[in-house]
Structure formats: C-alpha cells, structure tokens
file my_file-v7.cif (mmCIF, C-alpha atoms)
data_work
loop_
_atom_site.group_PDB
_atom_site.id
_atom_site.type_symbol
_atom_site.label_atom_id
_atom_site.label_comp_id
_atom_site.auth_asym_id
_atom_site.auth_seq_id
_atom_site.Cartn_x
_atom_site.Cartn_y
_atom_site.Cartn_z
ATOM 1 C CA MET A 109 194.359 99.815 -48.169
ATOM 2 C CA ASN A 110 191.398 99.818 -45.758
ATOM 3 C CA GLU A 111 189.074 96.857 -45.822
ATOM 4 C CA PRO A 112 185.359 97.682 -46.084
ATOM 5 C CA SER A 113 183.442 97.412 -42.808
ATOM 6 C CA GLN A 114 181.657 94.133 -42.247
ATOM 7 C CA THR A 115 179.395 95.697 -39.607
ATOM 8 C CA ASP A 116 175.689 95.365 -40.286
ATOM 9 C CA TRP A 117 174.893 99.027 -39.601
ATOM 10 C CA THR A 118 171.204 98.612 -40.464
ATOM 11 C CA ARG A 119 170.865 95.993 -37.713
ATOM 12 C CA ILE A 120 172.880 98.127 -35.259
ATOM 13 C CA GLU A 121 170.783 101.247 -35.919
ATOM 14 C CA ALA A 122 167.576 99.251 -35.404
ATOM 15 C CA MET A 123 168.646 98.026 -31.935
ATOM 16 C CA THR A 124 167.084 99.516 -28.819
ATOM 17 C CA ASP A 125 169.183 100.456 -25.780
ATOM 18 C CA GLU A 126 167.925 97.332 -23.987
ATOM 19 C CA GLN A 127 169.251 95.101 -26.775
ATOM 20 C CA ILE A 128 172.813 96.407 -26.503
ATOM 21 C CA ASP A 129 175.106 94.192 -24.401
ATOM 22 C CA THR A 130 176.962 96.462 -21.987
ATOM 23 C CA THR A 131 178.188 93.744 -19.586
ATOM 24 C CA ASP A 132 181.819 94.317 -20.588
ATOM 25 C CA ILE A 133 181.730 97.996 -19.563
ATOM 26 C CA PRO A 134 183.072 98.529 -16.028
ATOM 27 C CA PRO A 135 180.877 100.505 -13.614
ATOM 28 C CA LEU A 136 181.598 104.200 -13.152
ATOM 29 C CA THR A 137 182.752 104.439 -9.540
ATOM 30 C CA GLU A 138 183.376 107.378 -7.220
ATOM 31 C CA ALA A 139 187.106 106.876 -7.880
ATOM 32 C CA PHE A 140 186.501 107.340 -11.621
ATOM 33 C CA PHE A 141 184.644 110.616 -11.071
ATOM 34 C CA ALA A 142 187.240 111.822 -8.545
ATOM 35 C CA LYS A 143 189.910 111.611 -11.269
ATOM 36 C CA ALA A 144 187.675 112.797 -14.132
ATOM 37 C CA LYS A 145 188.250 116.243 -15.619
ATOM 38 C CA VAL A 146 185.804 118.307 -17.631
ATOM 39 C CA ARG A 147 187.337 119.346 -20.915
ATOM 40 C CA VAL A 148 185.779 122.342 -22.553
ATOM 41 C CA PRO A 149 186.640 122.690 -26.228
ATOM 42 C CA LEU A 150 188.617 125.846 -26.901
ATOM 43 C CA VAL A 151 188.086 128.396 -29.631
ATOM 44 C CA THR A 152 191.074 129.775 -31.524
ATOM 45 C CA LEU A 153 191.241 133.527 -31.077
ATOM 46 C CA THR A 154 193.597 136.207 -32.375
ATOM 47 C CA ILE A 155 193.917 139.292 -30.187
ATOM 48 C CA GLN A 156 196.231 142.260 -29.837
ATOM 49 C CA MET A 157 197.958 142.356 -26.467
ATOM 50 C CA ASP A 158 200.508 144.425 -24.615
ATOM 51 C CA PRO A 159 203.771 142.520 -25.221
ATOM 52 C CA THR A 160 204.880 142.958 -21.598
ATOM 53 C CA LEU A 161 201.688 141.240 -20.449
ATOM 54 C CA LEU A 162 202.326 138.282 -22.744
ATOM 55 C CA GLU A 163 205.962 138.050 -21.682
ATOM 56 C CA TRP A 164 204.949 138.063 -18.013
ATOM 57 C CA TYR A 165 202.527 135.159 -18.582
ATOM 58 C CA LYS A 166 205.232 133.245 -20.458
ATOM 59 C CA THR A 167 207.561 133.604 -17.449
ATOM 60 C CA GLN A 168 204.939 131.776 -15.357
ATOM 61 C CA GLY A 169 205.682 128.465 -17.074
ATOM 62 C CA GLU A 170 204.790 126.475 -20.126
ATOM 63 C CA ASN A 171 201.074 126.419 -19.206
ATOM 64 C CA TYR A 172 200.858 130.195 -19.598
ATOM 65 C CA LYS A 173 197.908 129.984 -22.015
ATOM 66 C CA GLN A 174 195.875 127.974 -19.492
ATOM 67 C CA ARG A 175 196.767 130.562 -16.827
ATOM 68 C CA MET A 176 195.517 133.358 -19.092
ATOM 69 C CA ILE A 177 192.251 131.460 -19.632
ATOM 70 C CA ALA A 178 191.924 130.913 -15.871
ATOM 71 C CA ALA A 179 192.451 134.643 -15.209
ATOM 72 C CA LEU A 180 189.768 135.528 -17.752
ATOM 73 C CA ARG A 181 187.393 132.986 -16.213
ATOM 74 C CA ILE A 182 187.980 134.404 -12.704
ATOM 75 C CA TYR A 183 187.208 137.880 -14.029
ATOM 76 C CA MET A 184 184.077 136.581 -15.793
ATOM 77 C CA VAL A 185 182.746 134.860 -12.671
ATOM 78 C CA ALA A 186 183.415 137.960 -10.562
ATOM 79 C CA HIS A 187 181.431 140.119 -12.991
ATOM 80 C CA GLU A 188 178.756 137.775 -14.345
ATOM 81 C CA ASP A 189 175.987 139.205 -12.125
ATOM 82 C CA LYS A 190 176.571 142.617 -13.707
ATOM 83 C CA TYR A 191 176.559 141.066 -17.199
ATOM 84 C CA PHE A 192 173.367 139.075 -16.729
ATOM 85 C CA LEU A 193 171.603 142.089 -15.226
ATOM 86 C CA ALA A 194 172.647 144.199 -18.227
ATOM 87 C CA VAL A 195 171.412 141.724 -20.857
ATOM 88 C CA SER A 196 168.151 140.764 -19.092
#

call {"tool": "encode", "arguments": {"input": "my_file-v7.cif", "output": "structure tokens"}}
result
Amino acid sequence: MNEPSQTDWTRIEAMTDEQIDTTDIPPLTEAFFAKAKVRVPLVTLTIQMDPTLLEWYKTQGENYKQRMIAALRIYMVAHEDKYFLAVS
C-alpha cells in the first residue's frame, strides 16, 4: 500500500524560483545539447494504404514507421510554401 506523501505542498507552492535550491543540478553543457534529441509526441492515426507500399517500407527495417514519418515530413517541408500561401 502507498504511504501518504509527507511533502508540505502548500509550502512548496508558495516558494519563489529564487528560494528553490538547485545546487545539486549539473550545468547543461554543450556536450549535453550535442547528444539531446527533440521528441515530438506522435498522434495515432488509422489510414488506408496500398499494401505494396506498406510492405516496401517494412523491408527497409524495423524502424519503417519512423521512415514513413520522415518521408511525410520531407514532403511537407518541400511543399510548405505552397500551403502557407494557400491558407494566408
């Protein structure tokens, strides 16, 4: 069974940023950002697709879904000027 929290949340919520002790947090260095990756949350989508297209992507390896997303993103970037002109 979980024990109830002994944290004084009222006191924590009343603290300003300056009152929070951050001395145990290591600095964010260039090396950290060089290894960092942006993770965009994905949306679950159901679509109808030509089965040969899906099979081809699957032959490209186990990351076939990421490759499909990358292909769609490349297409989007190549055509975004046309899109933004159309909706402006």

call {"tool": "atom_distance", "arguments": {"input": "my_file-v7.cif", "atom1": "CA of Pro135 (chain A)", "atom2": "CA of Arg147 (chain A)"}}
result
21.2 Å

call {"tool": "atom_distance", "arguments": {"input": "my_file-v7.cif", "atom1": "CA of Asp158 (chain A)", "atom2": "CA of Met184 (chain A)"}}
result
20.2 Å

call {"tool": "atom_distance", "arguments": {"input": "my_file-v7.cif", "atom1": "CA of Met176 (chain A)", "atom2": "CA of Leu162 (chain A)"}}
result
9.2 Å
